[in-house]
file entry19.cif (mmCIF, C-alpha atoms and all ligand atoms)
data_start
loop_
_atom_site.label_atom_id
_atom_site.label_comp_id
_atom_site.auth_asym_id
_atom_site.auth_seq_id
_atom_site.Cartn_x
_atom_site.Cartn_y
_atom_site.Cartn_z
CA MET A 1100 -6.15 -1.43 20.79
CA ARG A 1101 -2.94 0.51 20.40
CA LYS A 1102 -1.43 -1.58 23.15
CA THR A 1103 -2.13 -4.99 21.74
CA LYS A 1104 -1.33 -4.12 18.13
CA LEU A 1105 1.95 -2.55 19.01
CA SER A 1106 3.04 -5.47 21.14
CA ALA A 1107 1.94 -7.82 18.38
CA ILE A 1108 3.97 -6.21 15.63
CA LEU A 1109 6.99 -5.61 17.75
CA GLY A 1110 6.77 -8.99 19.42
CA ALA A 1111 6.52 -10.73 16.08
CA GLY A 1112 9.57 -9.04 14.67
CA ILE A 1113 12.85 -10.81 14.43
CA LEU A 1114 14.66 -8.33 16.59
CA ALA A 1115 18.16 -9.27 17.51
CA SER A 1116 19.37 -8.31 20.94
CA LEU A 1117 21.86 -5.53 21.04
CA VAL A 1118 25.10 -5.89 22.90
CA LEU A 1119 26.26 -2.59 24.23
CA THR A 1120 29.81 -2.22 23.10
CA GLY A 1121 30.80 1.12 24.39
CA CYS A 1122 29.89 4.53 25.57
CA ALA A 1123 26.85 6.00 23.88
CA GLU A 1124 26.99 9.45 22.38
CA GLY A 1125 23.50 10.25 23.51
CA ALA A 1126 22.37 10.36 27.09
CA PRO A 1127 19.47 8.65 28.81
CA PRO A 1128 16.43 10.79 29.48
CA ALA A 1129 16.86 13.69 31.83
CA ALA A 1130 14.36 14.33 34.56
CA GLY A 1131 11.78 17.01 34.05
CA GLY A 1132 10.52 16.22 30.58
CA GLY A 1133 6.92 15.41 29.91
CA GLY A 1134 4.51 14.02 27.39
CA GLU A 1135 2.30 16.21 25.26
CA GLU A 1136 -1.32 15.56 24.44
CA GLY A 1137 -1.19 11.97 25.60
CA THR A 1138 0.90 10.81 22.66
CA THR A 1139 4.13 10.47 24.58
CA THR A 1140 5.05 8.66 27.76
CA GLY A 1141 7.48 9.64 30.49
CA GLU A 1142 10.39 11.92 29.95
CA ALA A 1143 11.59 13.36 26.66
CA PRO A 1144 14.97 11.99 25.64
CA VAL A 1145 17.83 14.46 25.55
CA PHE A 1146 20.77 13.93 23.27
CA GLU A 1147 24.31 14.69 24.28
CA VAL A 1148 25.90 16.66 21.47
CA ALA A 1149 29.22 15.08 20.51
CA THR A 1150 32.32 17.25 20.38
CA ASP A 1151 35.41 17.07 18.17
CA VAL A 1152 33.66 14.92 15.60
CA ALA A 1153 35.65 13.97 12.52
CA ILE A 1154 34.23 11.72 9.83
CA GLU A 1155 36.94 11.29 7.29
CA GLY A 1156 35.86 10.70 3.72
CA SER A 1157 32.22 11.73 4.21
CA PRO A 1158 31.08 14.28 1.59
CA THR A 1159 27.89 14.85 3.60
CA PHE A 1160 29.81 15.63 6.79
CA ASP A 1161 32.12 17.96 4.84
CA LYS A 1162 29.03 19.78 3.55
CA ILE A 1163 27.60 20.08 7.08
CA THR A 1164 30.92 21.46 8.31
CA ALA A 1165 31.08 23.93 5.42
CA ALA A 1166 27.55 25.07 6.30
CA GLY A 1167 28.77 26.08 9.76
CA GLY A 1168 27.58 22.92 11.47
CA LYS A 1169 24.01 23.09 10.20
CA VAL A 1170 22.22 19.97 9.10
CA VAL A 1171 19.13 19.55 6.92
CA VAL A 1172 17.09 16.46 7.75
CA GLY A 1173 14.18 15.04 5.77
CA VAL A 1174 11.22 13.86 7.85
CA LYS A 1175 7.48 13.23 7.79
CA GLU A 1176 5.22 15.62 9.66
CA ASP A 1177 1.75 14.10 9.45
CA GLN A 1178 2.42 10.74 11.12
CA PRO A 1179 1.53 10.84 14.85
CA ASN A 1180 4.04 9.15 17.19
CA LEU A 1181 6.59 8.82 14.36
CA GLY A 1182 7.06 12.11 12.54
CA TYR A 1183 4.64 14.85 13.52
CA LEU A 1184 4.50 18.65 13.45
CA ASP A 1185 2.13 20.33 15.89
CA ALA A 1186 0.80 23.17 13.76
CA VAL A 1187 -0.06 25.23 16.85
CA THR A 1188 3.14 24.93 18.88
CA GLY A 1189 5.49 24.27 15.97
CA GLU A 1190 6.89 21.35 17.93
CA ARG A 1191 8.10 18.25 16.13
CA THR A 1192 7.65 14.92 17.86
CA GLY A 1193 7.90 11.24 17.12
CA PHE A 1194 10.18 8.25 17.17
CA ASP A 1195 11.73 9.09 13.78
CA VAL A 1196 12.18 12.76 14.61
CA ASP A 1197 14.01 11.80 17.79
CA VAL A 1198 16.20 9.35 15.86
CA ALA A 1199 16.98 12.26 13.51
CA ARG A 1200 17.91 14.46 16.51
CA TRP A 1201 20.03 11.66 17.96
CA MET A 1202 21.97 11.27 14.70
CA ALA A 1203 22.44 15.05 14.47
CA ALA A 1204 23.82 15.10 18.04
CA SER A 1205 26.24 12.31 17.08
CA LEU A 1206 27.53 14.63 14.33
CA GLY A 1207 28.05 17.42 16.84
CA VAL A 1208 24.92 19.31 15.73
CA SER A 1209 22.58 20.68 18.38
CA GLU A 1210 18.83 21.13 18.05
CA GLU A 1211 18.91 24.78 16.95
CA ASN A 1212 21.15 23.85 14.04
CA ILE A 1213 18.79 21.22 12.65
CA GLU A 1214 16.53 22.25 9.80
CA PHE A 1215 13.70 19.77 9.33
CA LYS A 1216 12.23 19.44 5.85
CA ALA A 1217 9.00 17.52 5.25
CA ILE A 1218 9.40 15.29 2.20
CA PRO A 1219 6.71 12.88 1.02
CA SER A 1220 7.38 9.22 0.31
CA ALA A 1221 7.68 9.61 -3.46
CA ASN A 1222 10.32 12.36 -3.32
CA ARG A 1223 12.79 10.92 -0.81
CA GLU A 1224 15.41 9.40 -3.10
CA GLN A 1225 15.50 12.49 -5.32
CA ALA A 1226 15.84 14.83 -2.32
CA ILE A 1227 18.87 12.83 -1.18
CA ILE A 1228 20.37 12.65 -4.68
CA ASN A 1229 19.90 16.41 -5.18
CA GLY A 1230 21.53 17.15 -1.83
CA ASP A 1231 18.39 18.98 -0.64
CA ILE A 1232 18.74 17.08 2.63
CA ASP A 1233 21.74 15.55 4.40
CA TYR A 1234 19.82 12.47 5.54
CA TYR A 1235 16.22 11.25 5.90
CA VAL A 1236 14.49 9.65 8.87
CA GLY A 1237 10.81 8.93 8.22
CA THR A 1238 9.30 5.44 8.07
CA TYR A 1239 11.69 4.76 5.20
CA SER A 1240 11.83 1.05 4.38
CA ILE A 1241 15.15 -0.36 3.26
CA THR A 1242 14.65 -1.92 -0.19
CA ASP A 1243 17.04 -3.13 -2.88
CA LYS A 1244 15.36 -0.86 -5.42
CA ARG A 1245 15.96 2.23 -3.29
CA LYS A 1246 19.52 1.04 -2.60
CA ASP A 1247 20.22 1.45 -6.33
CA GLN A 1248 19.89 5.20 -5.80
CA ILE A 1249 20.77 5.87 -2.17
CA ASP A 1250 22.24 4.13 0.88
CA PHE A 1251 20.69 3.26 4.23
CA ALA A 1252 22.08 3.12 7.75
CA GLY A 1253 20.14 0.83 10.06
CA PRO A 1254 17.69 -0.80 10.27
CA TYR A 1255 16.62 0.96 13.45
CA PHE A 1256 12.99 -0.27 13.57
CA GLU A 1257 10.77 -3.04 12.27
CA THR A 1258 7.07 -3.05 11.46
CA GLY A 1259 4.79 -4.51 8.79
CA GLN A 1260 2.05 -3.47 6.37
CA GLY A 1261 -1.42 -3.29 7.90
CA LEU A 1262 -4.94 -2.05 7.26
CA LEU A 1263 -6.86 0.87 8.75
CA VAL A 1264 -10.64 0.86 8.26
CA GLY A 1265 -13.73 2.60 9.61
CA ALA A 1266 -14.86 1.53 13.08
CA ASP A 1267 -17.90 -0.29 11.68
CA SER A 1268 -16.21 -1.72 8.58
CA GLU A 1269 -16.64 -5.40 7.75
CA ILE A 1270 -13.07 -5.67 6.47
CA THR A 1271 -11.19 -7.77 9.00
CA GLY A 1272 -7.91 -8.37 7.20
CA VAL A 1273 -6.05 -8.70 3.96
CA ASP A 1274 -8.32 -11.55 2.74
CA ASP A 1275 -11.15 -9.04 2.47
CA LEU A 1276 -9.27 -6.99 -0.14
CA VAL A 1277 -11.47 -8.25 -2.97
CA ALA A 1278 -12.60 -6.74 -6.27
CA GLY A 1279 -14.05 -3.26 -5.95
CA VAL A 1280 -12.53 -2.45 -2.54
CA LYS A 1281 -10.86 0.96 -2.63
CA VAL A 1282 -7.52 0.91 -0.83
CA CYS A 1283 -5.56 4.09 -0.28
CA SER A 1284 -1.83 4.56 0.24
CA ALA A 1285 0.94 7.03 -0.52
CA THR A 1286 2.51 7.39 -3.95
CA GLY A 1287 6.00 5.91 -4.12
CA SER A 1288 5.57 3.77 -1.01
CA THR A 1289 6.22 0.06 -0.56
CA PRO A 1290 2.59 -0.63 0.52
CA ILE A 1291 1.03 0.87 -2.64
CA GLN A 1292 3.47 -1.21 -4.70
CA ASN A 1293 2.54 -4.35 -2.76
CA ILE A 1294 -1.16 -3.68 -3.45
CA LYS A 1295 -0.56 -3.15 -7.18
CA ASP A 1296 1.69 -6.21 -7.50
CA ASN A 1297 -0.18 -8.71 -5.35
CA TYR A 1298 -3.80 -7.55 -5.05
CA PRO A 1299 -4.57 -6.52 -8.65
CA GLU A 1300 -8.34 -6.89 -8.20
CA VAL A 1301 -8.64 -4.05 -5.64
CA THR A 1302 -8.87 -0.41 -6.67
CA PRO A 1303 -5.76 1.47 -5.56
CA VAL A 1304 -6.17 5.13 -4.61
CA GLU A 1305 -3.07 7.27 -4.12
CA PHE A 1306 -2.28 10.51 -2.37
CA GLU A 1307 1.00 12.17 -1.58
CA LYS A 1308 0.55 11.76 2.17
CA TYR A 1309 -1.11 9.20 4.44
CA SER A 1310 -3.07 11.90 6.28
CA GLU A 1311 -4.89 12.54 2.97
CA CYS A 1312 -5.78 8.84 2.80
CA VAL A 1313 -7.08 9.00 6.36
CA GLU A 1314 -9.30 11.96 5.44
CA ALA A 1315 -10.60 10.02 2.43
CA LEU A 1316 -11.37 7.06 4.70
CA LYS A 1317 -13.24 9.25 7.17
CA ASN A 1318 -15.23 10.78 4.28
CA GLY A 1319 -16.14 7.37 2.91
CA GLN A 1320 -14.22 7.90 -0.35
CA VAL A 1321 -12.08 4.81 0.26
CA ASP A 1322 -12.67 1.56 2.17
CA ALA A 1323 -9.24 1.14 3.75
CA VAL A 1324 -5.88 2.79 4.21
CA THR A 1325 -2.82 0.59 3.96
CA THR A 1326 0.70 1.28 5.16
CA ASP A 1327 2.96 0.24 8.03
CA GLU A 1328 1.04 -0.71 11.17
CA ALA A 1329 3.20 1.60 13.28
CA ILE A 1330 1.84 4.51 11.20
CA LEU A 1331 -1.77 3.30 11.19
CA ILE A 1332 -1.77 2.81 14.98
CA GLY A 1333 -0.95 6.50 15.35
CA TYR A 1334 -3.93 7.55 13.20
CA ALA A 1335 -6.30 5.12 14.93
CA ALA A 1336 -5.26 6.46 18.34
CA GLN A 1337 -6.25 9.98 17.22
CA ALA A 1338 -9.79 8.90 16.27
CA PRO A 1339 -10.55 5.66 18.13
CA ASP A 1340 -14.32 6.08 17.69
CA GLN A 1341 -13.98 6.33 13.91
CA LEU A 1342 -11.02 4.16 12.94
CA LYS A 1343 -9.52 0.74 13.72
CA VAL A 1344 -6.49 -1.28 12.65
CA VAL A 1345 -7.47 -4.80 11.55
CA GLY A 1346 -5.78 -8.08 10.66
CA GLU A 1347 -2.19 -9.19 10.89
CA PRO A 1348 0.79 -7.45 9.28
CA PHE A 1349 1.35 -8.75 5.75
CA SER A 1350 4.88 -7.54 4.98
CA THR A 1351 8.12 -6.82 6.78
CA GLU A 1352 9.28 -3.21 6.77
CA LEU A 1353 12.71 -2.40 8.15
CA TYR A 1354 13.30 1.33 8.60
CA GLY A 1355 16.62 2.85 7.61
CA ILE A 1356 18.22 6.28 7.62
CA GLY A 1357 18.45 7.36 3.98
CA LEU A 1358 21.70 9.01 2.92
CA ALA A 1359 23.76 9.76 -0.19
CA LYS A 1360 24.86 6.70 -2.12
CA GLY A 1361 28.52 5.94 -1.57
CA ASP A 1362 28.87 7.94 1.66
CA ASP A 1363 30.10 4.86 3.48
CA ALA A 1364 31.84 6.91 6.16
CA LEU A 1365 28.55 8.53 7.23
CA ARG A 1366 26.70 5.23 6.99
CA ASP A 1367 29.32 3.59 9.25
CA HIS A 1368 29.12 6.49 11.69
CA PHE A 1369 25.32 6.22 11.97
CA ASN A 1370 25.47 2.43 12.27
CA THR A 1371 28.03 2.70 15.07
CA THR A 1372 25.91 5.32 16.81
CA LEU A 1373 22.87 3.02 16.59
CA GLU A 1374 24.86 0.00 17.77
CA GLU A 1375 26.45 1.72 20.71
CA GLY A 1376 23.34 3.59 21.76
CA GLY A 1377 20.93 0.89 22.84
CA ASP A 1378 19.97 2.88 25.92
CA VAL A 1379 19.25 5.96 23.82
CA TRP A 1380 17.18 3.90 21.37
CA GLN A 1381 15.18 2.50 24.26
CA SER A 1382 14.51 5.93 25.72
CA ILE A 1383 13.30 7.17 22.32
CA PHE A 1384 11.07 4.13 21.95
CA ASP A 1385 9.67 4.40 25.48
CA TYR A 1386 8.88 8.08 25.08
CA ASN A 1387 7.20 7.92 21.68
CA LEU A 1388 5.83 4.41 21.32
CA GLY A 1389 6.12 2.89 24.74
CA SER A 1390 2.58 3.20 26.05
CA SER A 1391 2.20 -0.52 25.36
CA GLY A 1392 4.79 -1.17 28.04
CA THR A 1393 6.33 -3.68 25.63
CA THR A 1394 10.02 -4.31 26.06
CA VAL A 1395 11.75 -4.64 22.70
CA SER A 1396 15.28 -4.71 21.42
CA GLN A 1397 16.35 -2.66 18.47
CA PRO A 1398 17.35 -4.44 15.25
CA THR A 1399 21.05 -4.87 14.60
CA PRO A 1400 22.32 -2.51 11.87
CA ASP A 1401 23.12 -4.23 8.61
CA ARG A 1402 26.62 -3.23 7.54
CA TYR A 1403 26.13 -4.26 3.93
N1 LIG B 1 7.72 2.13 5.03
C1 LIG B 1 7.02 2.27 3.80
C2 LIG B 1 7.88 2.93 2.74
O1 LIG B 1 8.99 3.28 3.01
C3 LIG B 1 5.71 2.99 3.95
C4 LIG B 1 5.77 4.25 4.76
C5 LIG B 1 6.18 5.46 3.96
O2 LIG B 1 5.72 5.63 2.83
O3 LIG B 1 6.95 6.26 4.51
O4 LIG B 1 7.47 3.07 1.61
#
call {"tool": "encode", "arguments": {"input": "entry19.cif", "output": "structure tokens"}}
result
Amino acid sequence: MRKTKLSAILGAGILASLVLTGCAEGAPPAAGGGGEEGTTTGEAPVFEVATDVAIEGSPTFDKITAAGGKVVVGVKEDQPNLGYLDAVTGERTGFDVDVARWMAASLGVSEENIEFKAIPSANREQAIINGDIDYYVGTYSITDKRKDQIDFAGPYFETGQGLLVGADSEITGVDDLVAGVKVCSATGSTPIQNIKDNYPEVTPVEFEKYSECVEALKNGQVDAVTTDEAILIGYAAQAPDQLKVVGEPFSTELYGIGLAKGDDALRDHFNTTLEEGGDVWQSIFDYNLGSSGTTVSQPTPDRY
């Protein structure tokens, strides 16, 4: 199921082809890596740490420099394949986490100088505004409302809102979200807002994190979990006997890297890194999400 869904959402996306314009700052995967626990494929990407980086006019980069080259990055840690923390090994994996590492490397920051901070959907803008994090990479949809408070580099990925239900559920898609159906999503997310705005007859249930919604679904407390399909596919793959993703995506979610409003120099730097690093993007995709074997192109960054 993971295969077909992933190809469907990625195939359906309007993903512009990327023209490689120069030398990437990251490197293609090195030999010798390996997947863990069946959630990754092939070799782990390695990121070449840039040297002599100067980003003039970036308050965030100045702060990183003043901190001795240490960066604080906001992520998710309960979303398999995207942003995940293995509680036993302490290892962080996922497409978003690797994008975060790639961006850090482009700033001249190596892995041991990255501090990852888990921040839930509802607290992302404030964490950026407060300067608690230098940037955020975690299934963070670019929206005009969020752009009032922060800025986004990217997009670097496209997906759409979907539905996760119990394996024997009769819900087959968004048309089955009728009165009385309990639908769970994360506070402060675009999917919970979409449910409240456009499906007023259903009963919304909110938690801070999607993993809490998944628990509620498994316990029969809710009838469906809704968020981006890319996220739901990760949960379904962990419990294929209990959970399934149904229906077609019913929104477009473009993921961006959240950063301080007005830090145009950093936004430009990240956008250039994304644009010039198509091979790095592909290696990150293949490793974390590539078990479908689907070939996709990354979206072109929007230099708004
Ligand atoms: N991409 C959506 C959002 O940014 C849902 C996923 C999330 O909450 O991180 O709100």
call {"tool": "atom_distance", "arguments": {"input": "entry19.cif", "atom1": "CA of Gly1156 in chain A", "atom2": "CA of Ala1364 in chain A"}}
result
6.0 Å
call {"tool": "closest_atom_pairs", "arguments": {"input": "entry19.cif", "of": "chain A", "to": "ligand LIG 1 (chain B)", "cutoff": "7 Å", "atoms": "all atoms listed in the file", "output": "Markdown table"}}
result
| residue | atom | partner | partner_atom | distance |
| --- | --- | --- | --- | --- |
| A:Ser1220 | CA | B:LIG1 | O2 | 4.7 |
| A:Gly1237 | CA | B:LIG1 | O3 | 6.0 |
| A:Thr1238 | CA | B:LIG1 | O3 | 4.3 |
| A:Tyr1239 | CA | B:LIG1 | O1 | 3.8 |
| A:Ser1240 | CA | B:LIG1 | O1 | 3.9 |
| A:Ala1285 | CA | B:LIG1 | O2 | 6.0 |
| A:Gly1287 | CA | B:LIG1 | O4 | 6.6 |
| A:Ser1288 | CA | B:LIG1 | O4 | 3.3 |
| A:Thr1289 | CA | B:LIG1 | O4 | 3.9 |
| A:Pro1290 | CA | B:LIG1 | C3 | 5.9 |
| A:Thr1326 | CA | B:LIG1 | C3 | 5.4 |
| A:Asp1327 | CA | B:LIG1 | C3 | 5.6 |
| A:Glu1352 | CA | B:LIG1 | N1 | 5.8 |
| A:Tyr1354 | CA | B:LIG1 | N1 | 6.7 |
call {"tool": "write_last_selection", "arguments": {"input": "entry19.cif", "atoms": "C-alpha atoms", "output": "PDB file, in the frame of the given file"}}
result
ATOM      1  CA  SER A1220       7.380   9.220   0.310  1.00  0.00           C
ATOM      2  CA  GLY A1237      10.810   8.930   8.220  1.00  0.00           C
ATOM      3  CA  THR A1238       9.300   5.440   8.070  1.00  0.00           C
ATOM      4  CA  TYR A1239      11.690   4.760   5.200  1.00  0.00           C
ATOM      5  CA  SER A1240      11.830   1.050   4.380  1.00  0.00           C
ATOM      6  CA  ALA A1285       0.940   7.030  -0.520  1.00  0.00           C
ATOM      7  CA  GLY A1287       6.000   5.910  -4.120  1.00  0.00           C
ATOM      8  CA  SER A1288       5.570   3.770  -1.010  1.00  0.00           C
ATOM      9  CA  THR A1289       6.220   0.060  -0.560  1.00  0.00           C
ATOM     10  CA  PRO A1290       2.590  -0.630   0.520  1.00  0.00           C
ATOM     11  CA  THR A1326       0.700   1.280   5.160  1.00  0.00           C
ATOM     12  CA  ASP A1327       2.960   0.240   8.030  1.00  0.00           C
ATOM     13  CA  GLU A1352       9.280  -3.210   6.770  1.00  0.00           C
ATOM     14  CA  TYR A1354      13.300   1.330   8.600  1.00  0.00           C
TER      15      TYR A1354
END
call {"tool": "closest_residue", "arguments": {"input": "entry19.cif", "among": "A:Val1273, A:Lys1343, A:Glu1190, A:Ala1359", "to": "Gly1230 in chain A", "atoms": "only C-alpha atoms"}}
result
A:Ala1359
call {"tool": "closest_residue", "arguments": {"input": "entry19.cif", "among": "A:Gln1178, A:Thr1140, A:Thr1302, A:Ser1284", "to": "Ala1329 in chain A", "atoms": "all atoms listed in the file"}}
result
A:Gln1178
call {"tool": "atom_distance", "arguments": {"input": "entry19.cif", "atom1": "CA of Gly1167 in chain A", "atom2": "CA of Asp1185 in chain A"}}
result
27.9 Å
call {"tool": "closest_residue", "arguments": {"input": "entry19.cif", "among": "A:Glu1210, A:Glu1328, A:Val1280, A:Gly1377", "to": "Val1301 in chain A", "atoms": "only C-alpha atoms"}}
result
A:Val1280
call {"tool": "residues_near_point", "arguments": {"input": "entry19.cif", "point": "(19.2, 4.0, 14.1)", "cutoff": "7 Å", "atoms": "only C-alpha atoms", "output": "ChimeraX atom specification"}}
result
/A:1198,1253-1255,1356,1369-1370,1373
call {"tool": "atom_distance", "arguments": {"input": "entry19.cif", "atom1": "CA of Gln1260 in chain A", "atom2": "CA of Cys1283 in chain A"}}
result
12.6 Å
call {"tool": "residues_around", "arguments": {"input": "entry19.cif", "residues": "Arg1245 in chain A", "least_positions_apart": "6", "cutoff": "10 Å", "atoms": "all atoms listed in the file", "output": "list of chain:residue names"}}
result
A:Arg1223, A:Glu1224, A:Tyr1239, A:Phe1251, A:Gly1357
call {"tool": "closest_residue", "arguments": {"input": "entry19.cif", "among": "A:Asp1231, A:Asp1267, A:Glu1307, A:Asp1362", "to": "Ala1323 in chain A", "atoms": "all atoms listed in the file"}}
result
A:Asp1267
call {"tool": "closest_residue", "arguments": {"input": "entry19.cif", "among": "A:Gly1207, A:Gly1261, A:Pro1219, A:Pro1299", "to": "Glu1311 in chain A", "atoms": "all atoms listed in the file"}}
result
A:Pro1219
call {"tool": "closest_residue", "arguments": {"input": "entry19.cif", "among": "A:Thr1399, A:Thr1150, A:Thr1192, A:Thr1286", "to": "Ala1252 in chain A", "atoms": "only C-alpha atoms"}}
result
A:Thr1399
call {"tool": "residues_around", "arguments": {"input": "entry19.cif", "residues": "Gln1381 in chain A", "least_positions_apart": "4", "cutoff": "8 Å", "atoms": "only C-alpha atoms", "output": "ChimeraX atom specification"}}
result
/A:1377,1385,1396-1397
call {"tool": "residues_around", "arguments": {"input": "entry19.cif", "residues": "Ala1315 in chain A", "least_positions_apart": "2", "cutoff": "12 Å", "atoms": "only C-alpha atoms", "output": "tab-separated table (two decimals) with C-alpha atoms, keeping the file's coordinate frame"}}
result
chain	number	residue	atom	x	y	z
A	1263	LEU	CA	-6.86	0.87	8.75
A	1264	VAL	CA	-10.64	0.86	8.26
A	1265	GLY	CA	-13.73	2.60	9.61
A	1281	LYS	CA	-10.86	0.96	-2.63
A	1282	VAL	CA	-7.52	0.91	-0.83
A	1283	CYS	CA	-5.56	4.09	-0.28
A	1284	SER	CA	-1.83	4.56	0.24
A	1304	VAL	CA	-6.17	5.13	-4.61
A	1305	GLU	CA	-3.07	7.27	-4.12
A	1306	PHE	CA	-2.28	10.51	-2.37
A	1308	LYS	CA	0.55	11.76	2.17
A	1309	TYR	CA	-1.11	9.20	4.44
A	1310	SER	CA	-3.07	11.90	6.28
A	1311	GLU	CA	-4.89	12.54	2.97
A	1312	CYS	CA	-5.78	8.84	2.80
A	1313	VAL	CA	-7.08	9.00	6.36
A	1317	LYS	CA	-13.24	9.25	7.17
A	1318	ASN	CA	-15.23	10.78	4.28
A	1319	GLY	CA	-16.14	7.37	2.91
A	1320	GLN	CA	-14.22	7.90	-0.35
A	1321	VAL	CA	-12.08	4.81	0.26
A	1322	ASP	CA	-12.67	1.56	2.17
A	1323	ALA	CA	-9.24	1.14	3.75
A	1324	VAL	CA	-5.88	2.79	4.21
